[in-house]
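Next up, data-v1.cif (mmCIF, C-alpha atoms):
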```
data_work
loop_
_atom_site.label_atom_id
_atom_site.label_comp_id
_atom_site.auth_asym_id
_atom_site.auth_seq_id
_atom_site.Cartn_x
_atom_site.Cartn_y
_atom_site.Cartn_z
CA MET A 1 55.72 8.12 92.13
CA ALA A 2 53.29 5.98 90.17
CA ARG A 3 49.85 7.13 89.11
CA LYS A 4 47.49 4.70 90.79
CA ILE A 5 44.40 4.14 88.67
CA VAL A 6 41.50 1.84 89.56
CA VAL A 7 39.58 0.31 86.66
CA THR A 8 36.00 -0.28 87.71
CA SER A 9 32.49 -0.51 86.31
CA GLY A 10 29.92 -1.75 88.79
CA LYS A 11 28.41 -4.24 86.39
CA GLY A 12 30.34 -7.42 85.71
CA GLY A 13 31.31 -8.54 82.25
CA VAL A 14 31.70 -5.14 80.61
CA GLY A 15 35.44 -5.63 80.12
CA LYS A 16 37.29 -4.08 83.07
CA THR A 17 39.99 -6.73 83.11
CA THR A 18 40.43 -6.61 79.34
CA VAL A 19 40.67 -2.81 79.26
CA ALA A 20 43.04 -2.74 82.26
CA ALA A 21 45.26 -5.42 80.71
CA TYR A 22 45.54 -3.93 77.23
CA LEU A 23 45.91 -0.35 78.45
CA SER A 24 48.70 -1.48 80.77
CA ALA A 25 50.42 -3.32 77.92
CA THR A 26 50.11 -0.30 75.61
CA LEU A 27 51.73 2.00 78.17
CA ALA A 28 54.42 -0.60 78.85
CA ARG A 29 55.19 -0.72 75.14
CA LYS A 30 55.57 3.08 75.19
CA GLY A 31 58.35 2.66 77.74
CA LYS A 32 56.39 3.29 80.92
CA ARG A 33 56.94 0.98 83.88
CA VAL A 34 53.52 -0.42 84.72
CA ILE A 35 52.07 -2.68 87.41
CA LEU A 36 48.76 -4.39 86.71
CA CYS A 37 47.30 -5.41 90.07
CA ASP A 38 44.40 -7.81 90.48
CA ALA A 39 42.28 -6.59 93.40
CA ASP A 40 39.59 -9.23 92.91
CA PHE A 41 40.17 -11.74 95.72
CA GLY A 42 38.46 -14.95 94.82
CA LEU A 43 37.30 -14.47 91.22
CA ASN A 44 40.61 -13.11 89.97
CA ASN A 45 41.54 -13.43 86.30
CA ILE A 46 44.33 -11.00 85.52
CA ASP A 47 46.82 -13.88 85.39
CA VAL A 48 44.76 -15.70 82.76
CA ALA A 49 43.86 -12.52 80.84
CA THR A 50 47.56 -11.64 80.44
CA GLY A 51 48.72 -15.23 79.91
CA VAL A 52 51.07 -15.41 82.92
CA GLU A 53 49.16 -17.96 85.01
CA SER A 54 52.00 -20.47 84.81
CA LEU A 55 54.60 -17.89 85.91
CA VAL A 56 53.03 -16.94 89.23
CA THR A 57 54.97 -17.87 92.37
CA TYR A 58 53.69 -15.36 94.92
CA ASP A 59 50.56 -13.22 94.79
CA VAL A 60 49.46 -9.98 96.43
CA VAL A 61 47.98 -11.84 99.41
CA ASP A 62 51.39 -13.44 100.07
CA ALA A 63 52.93 -9.96 100.05
CA ILE A 64 50.21 -8.58 102.37
CA GLU A 65 50.64 -11.46 104.84
CA GLY A 66 54.43 -11.18 104.82
CA ARG A 67 55.31 -14.46 103.10
CA CYS A 68 57.27 -12.54 100.49
CA ARG A 69 58.39 -9.01 99.69
CA ALA A 70 56.10 -7.02 97.41
CA LYS A 71 58.63 -7.07 94.54
CA GLN A 72 58.82 -10.85 94.71
CA ALA A 73 55.10 -11.07 93.97
CA LEU A 74 55.51 -9.19 90.67
CA VAL A 75 55.50 -11.28 87.49
CA ARG A 76 57.37 -9.64 84.64
CA HIS A 77 55.42 -10.21 81.41
CA PRO A 78 57.51 -12.10 78.85
CA ARG A 79 56.10 -10.19 75.88
CA PHE A 80 55.92 -6.70 77.45
CA PRO A 81 59.05 -6.30 79.61
CA ASN A 82 57.89 -3.05 81.23
CA LEU A 83 54.65 -4.67 82.40
CA TYR A 84 54.58 -6.36 85.79
CA VAL A 85 51.55 -8.34 86.89
CA LEU A 86 50.59 -8.52 90.56
CA THR A 87 48.16 -11.39 90.72
CA SER A 88 45.56 -12.15 93.33
CA SER A 89 44.70 -15.33 95.13
CA HIS A 90 41.83 -17.71 94.44
CA SER A 91 41.74 -18.79 98.05
CA ALA A 92 41.53 -15.35 99.62
CA PRO A 93 37.78 -14.63 99.92
CA GLU A 94 37.38 -16.33 103.29
CA ARG A 95 40.16 -14.17 104.75
CA TYR A 96 39.61 -10.49 105.44
CA ILE A 97 42.06 -8.29 103.52
CA SER A 98 41.89 -4.67 104.65
CA PRO A 99 42.00 -1.74 102.20
CA GLN A 100 44.97 -0.34 104.15
CA SER A 101 47.05 -3.49 103.66
CA LEU A 102 46.57 -3.48 99.88
CA LYS A 103 47.33 0.24 99.81
CA LEU A 104 50.56 -0.28 101.77
CA VAL A 105 51.79 -2.94 99.34
CA LEU A 106 51.10 -0.70 96.33
CA GLU A 107 52.64 2.33 98.03
CA SER A 108 55.85 0.36 98.64
CA LEU A 109 56.09 -0.41 94.90
CA SER A 110 55.03 3.05 93.72
CA PRO A 111 58.42 4.87 93.74
CA THR A 112 59.93 2.76 90.93
CA PHE A 113 56.94 2.64 88.61
CA ASP A 114 55.01 5.08 86.40
CA PHE A 115 51.55 3.50 86.54
CA ILE A 116 49.73 1.07 88.80
CA PHE A 117 46.44 -0.18 87.38
CA ILE A 118 44.12 -1.80 89.89
CA ASP A 119 41.58 -4.20 88.42
CA CYS A 120 38.49 -3.81 90.59
CA PRO A 121 36.00 -6.62 91.25
CA ALA A 122 32.44 -6.24 89.99
CA GLY A 123 29.89 -4.75 92.37
CA ILE A 124 30.07 -1.90 94.86
CA ASP A 125 30.61 -3.79 98.11
CA GLU A 126 33.70 -4.45 100.24
CA GLY A 127 35.90 -5.53 97.31
CA PHE A 128 35.11 -2.35 95.40
CA HIS A 129 36.02 -0.12 98.33
CA ARG A 130 39.21 -2.08 98.99
CA ALA A 131 40.34 -1.56 95.38
CA VAL A 132 39.26 2.07 95.18
CA ALA A 133 40.92 3.03 98.48
CA SER A 134 44.35 2.33 96.96
CA ALA A 135 43.88 4.59 93.93
CA ASP A 136 44.18 8.29 93.09
CA GLU A 137 42.34 8.16 89.77
CA ALA A 138 39.57 6.05 88.29
CA ILE A 139 38.56 4.69 84.91
CA VAL A 140 34.95 3.54 84.67
CA VAL A 141 34.30 0.98 81.94
CA THR A 142 30.83 0.66 80.49
CA THR A 143 29.01 -0.59 77.43
CA ALA A 144 26.04 0.98 75.64
CA GLN A 145 23.53 -1.29 77.41
CA VAL A 146 21.10 0.46 79.74
CA SER A 147 21.92 -1.92 82.61
CA ALA A 148 25.64 -1.20 82.30
CA LEU A 149 25.00 2.56 82.15
CA ARG A 150 22.84 2.41 85.24
CA ASP A 151 25.54 0.60 87.22
CA ALA A 152 28.25 2.89 85.85
CA ASP A 153 26.28 5.91 87.05
CA LYS A 154 25.97 4.46 90.55
CA THR A 155 29.69 3.68 90.55
CA ILE A 156 30.58 7.21 89.42
CA THR A 157 28.40 8.63 92.21
CA LEU A 158 30.22 6.47 94.77
CA LEU A 159 33.61 7.47 93.38
CA LYS A 160 32.80 11.15 94.06
CA SER A 161 33.18 10.54 97.78
CA TYR A 162 36.80 9.49 97.19
CA GLN A 163 37.66 12.86 95.62
CA PHE A 164 39.85 11.48 92.87
CA SER A 165 41.97 13.80 90.79
CA SER A 166 40.40 12.28 87.69
CA VAL A 167 37.45 10.01 86.82
CA SER A 168 37.14 9.11 83.16
CA LEU A 169 35.08 6.81 81.02
CA VAL A 170 35.87 4.02 78.59
CA VAL A 171 33.07 2.76 76.35
CA ASN A 172 33.79 -0.88 75.61
CA LYS A 173 32.27 -3.30 73.10
CA ALA A 174 31.15 -0.44 70.89
CA ARG A 175 29.35 -1.74 67.78
CA GLY A 176 30.40 0.46 64.88
CA ASP A 177 27.78 -1.09 62.59
CA LEU A 178 24.95 -0.26 65.00
CA LEU A 179 26.29 3.25 65.52
CA VAL A 180 26.27 3.93 61.79
CA ALA A 181 22.70 2.60 61.58
CA GLY A 182 21.65 4.79 64.52
CA GLU A 183 20.71 1.78 66.61
CA SER A 184 23.10 2.29 69.48
CA MET A 185 23.99 5.18 71.72
CA SER A 186 27.16 6.95 70.68
CA PRO A 187 30.11 7.19 73.10
CA LYS A 188 29.59 10.96 73.17
CA GLU A 189 25.96 10.53 74.29
CA ILE A 190 27.06 8.05 76.94
CA SER A 191 29.64 10.54 78.20
CA GLU A 192 26.95 13.26 78.39
CA LEU A 193 24.52 10.95 80.17
CA LEU A 194 27.08 9.94 82.80
CA LYS A 195 28.57 13.44 82.99
CA THR A 196 32.07 11.95 82.78
CA PRO A 197 34.75 12.71 80.18
CA LEU A 198 35.66 10.01 77.69
CA LEU A 199 39.11 8.46 77.84
CA GLY A 200 38.62 5.92 75.07
CA VAL A 201 36.36 3.76 72.95
CA VAL A 202 36.99 0.08 72.28
CA PRO A 203 35.17 -1.81 69.52
CA GLU A 204 33.62 -5.22 69.91
CA GLU A 205 36.10 -7.32 67.96
CA TYR A 206 37.08 -10.93 68.47
CA SER A 207 40.82 -10.17 68.41
CA ILE A 208 40.48 -8.31 71.71
CA TYR A 209 38.61 -11.07 73.52
CA ASP A 210 40.33 -14.18 72.19
CA GLY A 211 42.50 -14.29 75.30
CA ALA A 212 45.80 -14.54 73.44
CA PHE A 213 47.14 -11.16 74.65
CA GLU A 214 49.60 -11.08 71.79
CA THR A 215 48.75 -8.03 69.71
CA ILE A 216 47.31 -4.80 71.02
CA HIS A 217 44.27 -3.46 69.18
CA PRO A 218 44.79 0.07 67.75
CA ALA A 219 41.94 1.40 69.93
CA PHE A 220 44.19 1.31 72.99
CA LYS A 221 46.85 3.61 71.50
CA PRO A 222 44.81 6.84 71.56
CA MET A 223 43.52 5.80 74.99
CA ALA A 224 47.06 5.51 76.34
CA ASN A 225 48.00 8.82 74.69
CA ASN A 226 45.00 10.50 76.27
CA LEU A 227 46.09 9.20 79.66
CA LEU A 228 49.61 10.55 79.16
CA THR A 229 48.79 13.90 77.58
CA GLY A 230 45.31 14.73 78.90
CA LYS A 231 43.94 15.04 75.37
CA ARG A 232 40.65 13.43 74.27
CA LYS A 233 41.33 11.84 70.90
CA LEU A 234 39.10 8.79 70.36
CA TYR A 235 39.32 5.72 68.17
CA ASP A 236 36.68 5.80 65.44
CA VAL A 237 34.77 2.52 65.69
CA THR A 238 32.52 3.45 62.75
CA LYS A 239 35.35 3.90 60.24
CA LYS A 240 35.15 0.43 58.76
CA TYR A 241 31.36 0.54 58.51
CA THR A 242 31.03 3.68 56.39
CA GLY A 243 31.04 3.88 52.62
CA VAL A 244 30.17 1.12 50.15
CA LEU A 245 32.49 -1.46 51.65
CA GLY A 246 31.25 -0.49 55.09
CA GLY A 247 27.70 -1.13 53.99
CA VAL A 248 28.68 -4.61 52.86
CA ARG A 249 30.41 -5.27 56.19
CA ARG A 250 27.32 -4.12 58.09
CA PHE A 251 25.11 -6.38 56.00
CA LEU A 252 27.40 -9.36 56.59
CA LYS A 253 27.64 -8.69 60.32
CA ARG A 254 23.86 -8.75 60.63
CA SER A 255 23.44 -11.81 58.45
CA LEU A 256 26.05 -13.97 60.18
CA MET B 1 17.82 6.62 64.78
CA ARG B 2 14.69 5.90 66.80
CA ARG B 3 16.31 3.05 68.72
CA GLN B 4 19.27 5.28 69.62
CA THR B 5 16.96 7.98 70.96
CA ASP B 6 14.78 5.44 72.78
CA ASP B 7 17.81 3.86 74.45
CA TYR B 8 19.14 7.26 75.48
CA THR B 9 15.79 8.34 76.92
CA ARG B 10 15.33 5.03 78.69
CA ALA B 11 18.82 5.09 80.19
CA SER B 12 18.34 8.69 81.27
CA ASN B 13 15.00 7.87 82.93
CA VAL B 14 16.43 4.85 84.72
CA ILE B 15 19.37 6.85 86.07
CA GLN B 16 17.17 9.73 87.22
CA ALA B 17 14.72 7.35 88.92
CA ASP B 18 17.59 5.68 90.77
CA LYS B 19 18.84 9.04 92.03
CA SER B 20 15.51 10.35 93.28
CA VAL B 21 14.56 9.46 96.85
CA MET B 22 10.85 9.75 96.05
CA SER B 23 9.22 9.97 92.65
CA ASP B 24 7.39 13.16 91.63
CA ALA B 25 4.06 11.34 91.62
CA CYS B 26 4.59 10.04 95.16
CA LYS B 27 5.71 13.47 96.33
CA ALA B 28 2.55 15.03 94.92
CA LEU B 29 0.44 12.48 96.82
CA VAL B 30 2.26 13.12 100.11
CA LEU B 31 1.97 16.90 99.68
CA LYS B 32 -1.75 16.60 98.99
CA ASP B 33 -2.17 14.69 102.26
CA PHE B 34 -0.09 17.29 104.10
CA SER B 35 -2.14 20.06 102.51
CA ASP B 36 -5.42 18.53 103.71
CA LYS B 37 -4.09 18.25 107.26
CA PHE B 38 -2.48 21.72 107.33
CA ASN B 39 -5.71 23.27 105.96
CA GLU B 40 -7.41 22.30 109.21
CA TYR B 41 -5.24 24.82 111.05
CA PHE B 42 -4.06 27.28 108.40
CA ASP B 43 -5.38 28.99 105.26
CA LEU B 44 -2.68 27.85 102.92
CA CYS B 45 -1.25 29.92 100.05
CA GLY B 46 -0.78 27.19 97.51
CA LEU B 47 0.60 23.73 98.07
CA PRO B 48 3.34 22.94 100.58
CA ARG B 49 6.89 22.20 99.34
CA MET B 50 8.97 19.27 100.52
CA GLU B 51 12.70 18.53 100.41
CA ILE B 52 14.16 15.12 101.25
CA THR B 53 17.87 14.63 101.82
CA CYS B 54 19.70 11.48 102.74
CA LYS B 55 22.88 11.45 104.77
CA ASN B 56 24.51 8.35 106.26
CA GLY B 57 21.32 6.37 105.71
CA VAL B 58 19.13 8.88 107.57
CA TYR B 59 16.51 10.85 105.64
CA GLY B 60 16.00 14.51 106.52
CA VAL B 61 12.54 15.73 105.50
CA SER B 62 11.71 19.44 105.41
CA VAL B 63 8.23 20.69 104.63
CA TYR B 64 7.56 24.37 103.87
CA PHE B 65 4.26 26.11 103.40
CA GLU B 66 2.91 29.64 103.60
CA ALA B 67 -0.38 30.60 105.15
CA GLU B 68 -2.56 33.69 104.86
CA ARG B 69 -4.22 33.07 108.18
CA ILE B 70 -3.92 30.91 111.24
CA LYS B 71 -7.33 29.52 112.13
CA LYS B 72 -8.54 30.10 115.62
CA PHE B 73 -8.78 27.03 117.74
CA ASN B 74 -8.45 26.15 121.35
CA VAL B 75 -7.62 23.14 123.40
CA LEU B 76 -10.11 21.91 125.97
CA LYS B 77 -8.45 20.95 129.20
#
```
Go through the file and emit its structure as structure tokens.
Amino acid sequence: MARKIVVTSGKGGVGKTTVAAYLSATLARKGKRVILCDADFGLNNIDVATGVESLVTYDVVDAIEGRCRAKQALVRHPRFPNLYVLTSSHSAPERYISPQSLKLVLESLSPTFDFIFIDCPAGIDEGFHRAVASADEAIVVTTAQVSALRDADKTITLLKSYQFSSVSLVVNKARGDLLVAGESMSPKEISELLKTPLLGVVPEEYSIYDGAFETIHPAFKPMANNLLTGKRKLYDVTKKYTGVLGGVRRFLKRSL
Amino acid sequence: MRRQTDDYTRASNVIQADKSVMSDACKALVLKDFSDKFNEYFDLCGLPRMEITCKNGVYGVSVYFEAERIKKFNVLK
């Protein structure tokens, strides 16, 4: 049976979709069969984030409303054959989609997959609860900004009522140059503040956010390993900003 | 280093403030008011204590105090 993991954050724009997409692709590349499900009905973007928007025939709402079988709504990614994308519908927000119906669709797909990642909408209202109700584990994505941390804390508090087997943290958009200069909270401090173990750290680099979804940044490899093995090895975002060359890079990053 | 510490402290304060139902300063004010009222009927040993819980949108408020003496008073019919 698949591990069903919701990727959430509370605050919008911290990188839930990006983290969910790249983590799914990394696990798919390791040979795991993965579904990446978009649970944002209305402002969905998993199809665009993974580059499969032109390959979508049916979406999860079609499967829920019986216009197709659940497997027919899966889009196999052309570059990562073990990754299947279950897109959402732009036109769904005016229709009520119950948490149970989404859960049933994912449960029907679960036996033949290893992981199901559920991309949660921003906020903590109906959409959040619909996404979370289908999952057994949670990944909370945050950045080092105080507003993101505040929302992440509220989200983590809400997740406690779901009694997940695991809730872990991903610190996204980590600025290695600011960390070296002591001008940003470290991922370890963030983990202590939110009282949640760290799953991974992702740097703020253009290659991750350019939307091409072609190469996977090295930061996602230890994250995927941690998910598989339960270890806590983290990508070092400060590595390229230490030493003489690192000092030059930091100077250039500030100047440009 | 200072910015890192400031951000950590600020984030910590914001999170704690969000979690608390009533701030410490407000609690102190409420307890002072309670103390003044209770002192009309009891000789209090120290300030009262208050606990506020929230369940399903309903707040449960419990106030505890200890008194050395209950003042004599009567009710005129």
Subject >> Residues matched by the PyMOL selection byres ((chain B and resi 58-68) around 12), written as a PyMOL selection string >> reply: chain B and resi 21-22+27+30-31+34-35+38-57+69-71
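Going from atom CA of Tyr96 of chain A to atom CA of Thr142 of chain A covers 28.7 Å.
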Within 8 Å of Ser12 of chain B, counting all atoms listed in the file, which residues qualify if same-chain residues fewer than 4 places away don't, as a PDB file with C-alpha atoms, in the coordinates of the input?
```
ATOM      1  CA  LEU A 193      24.520  10.950  80.170  1.00  0.00           C
TER       2      LEU A 193
ATOM      3  CA  TYR B   8      19.140   7.260  75.480  1.00  0.00           C
ATOM      4  CA  GLN B  16      17.170   9.730  87.220  1.00  0.00           C
TER       5      GLN B  16
END
```
Apply the PyMOL selection byres ((chain A and resi 213-216) around 9) to the structure shown and report the selected residues as a PDB file with C-alpha atoms, in the frame of the given file.
```pdb
ATOM      1  CA  ALA A  21      45.260  -5.420  80.710  1.00  0.00           C
ATOM      2  CA  TYR A  22      45.540  -3.930  77.230  1.00  0.00           C
ATOM      3  CA  LEU A  23      45.910  -0.350  78.450  1.00  0.00           C
ATOM      4  CA  ALA A  25      50.420  -3.320  77.920  1.00  0.00           C
ATOM      5  CA  THR A  26      50.110  -0.300  75.610  1.00  0.00           C
ATOM      6  CA  ALA A  49      43.860 -12.520  80.840  1.00  0.00           C
ATOM      7  CA  THR A  50      47.560 -11.640  80.440  1.00  0.00           C
ATOM      8  CA  GLY A  51      48.720 -15.230  79.910  1.00  0.00           C
ATOM      9  CA  ARG A  79      56.100 -10.190  75.880  1.00  0.00           C
ATOM     10  CA  SER A 207      40.820 -10.170  68.410  1.00  0.00           C
ATOM     11  CA  ILE A 208      40.480  -8.310  71.710  1.00  0.00           C
ATOM     12  CA  TYR A 209      38.610 -11.070  73.520  1.00  0.00           C
ATOM     13  CA  ASP A 210      40.330 -14.180  72.190  1.00  0.00           C
ATOM     14  CA  GLY A 211      42.500 -14.290  75.300  1.00  0.00           C
ATOM     15  CA  ALA A 212      45.800 -14.540  73.440  1.00  0.00           C
ATOM     16  CA  HIS A 217      44.270  -3.460  69.180  1.00  0.00           C
ATOM     17  CA  PRO A 218      44.790   0.070  67.750  1.00  0.00           C
ATOM     18  CA  ALA A 219      41.940   1.400  69.930  1.00  0.00           C
ATOM     19  CA  PHE A 220      44.190   1.310  72.990  1.00  0.00           C
ATOM     20  CA  LYS A 221      46.850   3.610  71.500  1.00  0.00           C
TER      21      LYS A 221
END
```
Proximity of chain A to chain B: per-residue shortest pair, 9 Å limit, only C-alpha atoms, as CSV:
```
residue,atom,partner,partner_atom,distance
A:Ala144,CA,B:Asp7,CA,8.8
A:Gln145,CA,B:Asp7,CA,8.2
A:Val146,CA,B:Ala11,CA,5.2
A:Ser147,CA,B:Ala11,CA,8.0
A:Leu149,CA,B:Ala11,CA,7.0
A:Arg150,CA,B:Ile15,CA,5.7
A:Asp151,CA,B:Ile15,CA,8.9
A:Asp153,CA,B:Ile15,CA,7.0
A:Lys154,CA,B:Ile15,CA,8.3
A:Leu179,CA,B:Gln4,CA,8.4
A:Ala181,CA,B:Met1,CA,7.1
A:Gly182,CA,B:Met1,CA,4.3
A:Glu183,CA,B:Gln4,CA,4.8
A:Ser184,CA,B:Gln4,CA,4.9
A:Met185,CA,B:Gln4,CA,5.2
A:Ser186,CA,B:Gln4,CA,8.1
A:Glu189,CA,B:Tyr8,CA,7.7
A:Ile190,CA,B:Tyr8,CA,8.1
A:Leu193,CA,B:Ser12,CA,6.7
A:Leu194,CA,B:Ile15,CA,8.9
```
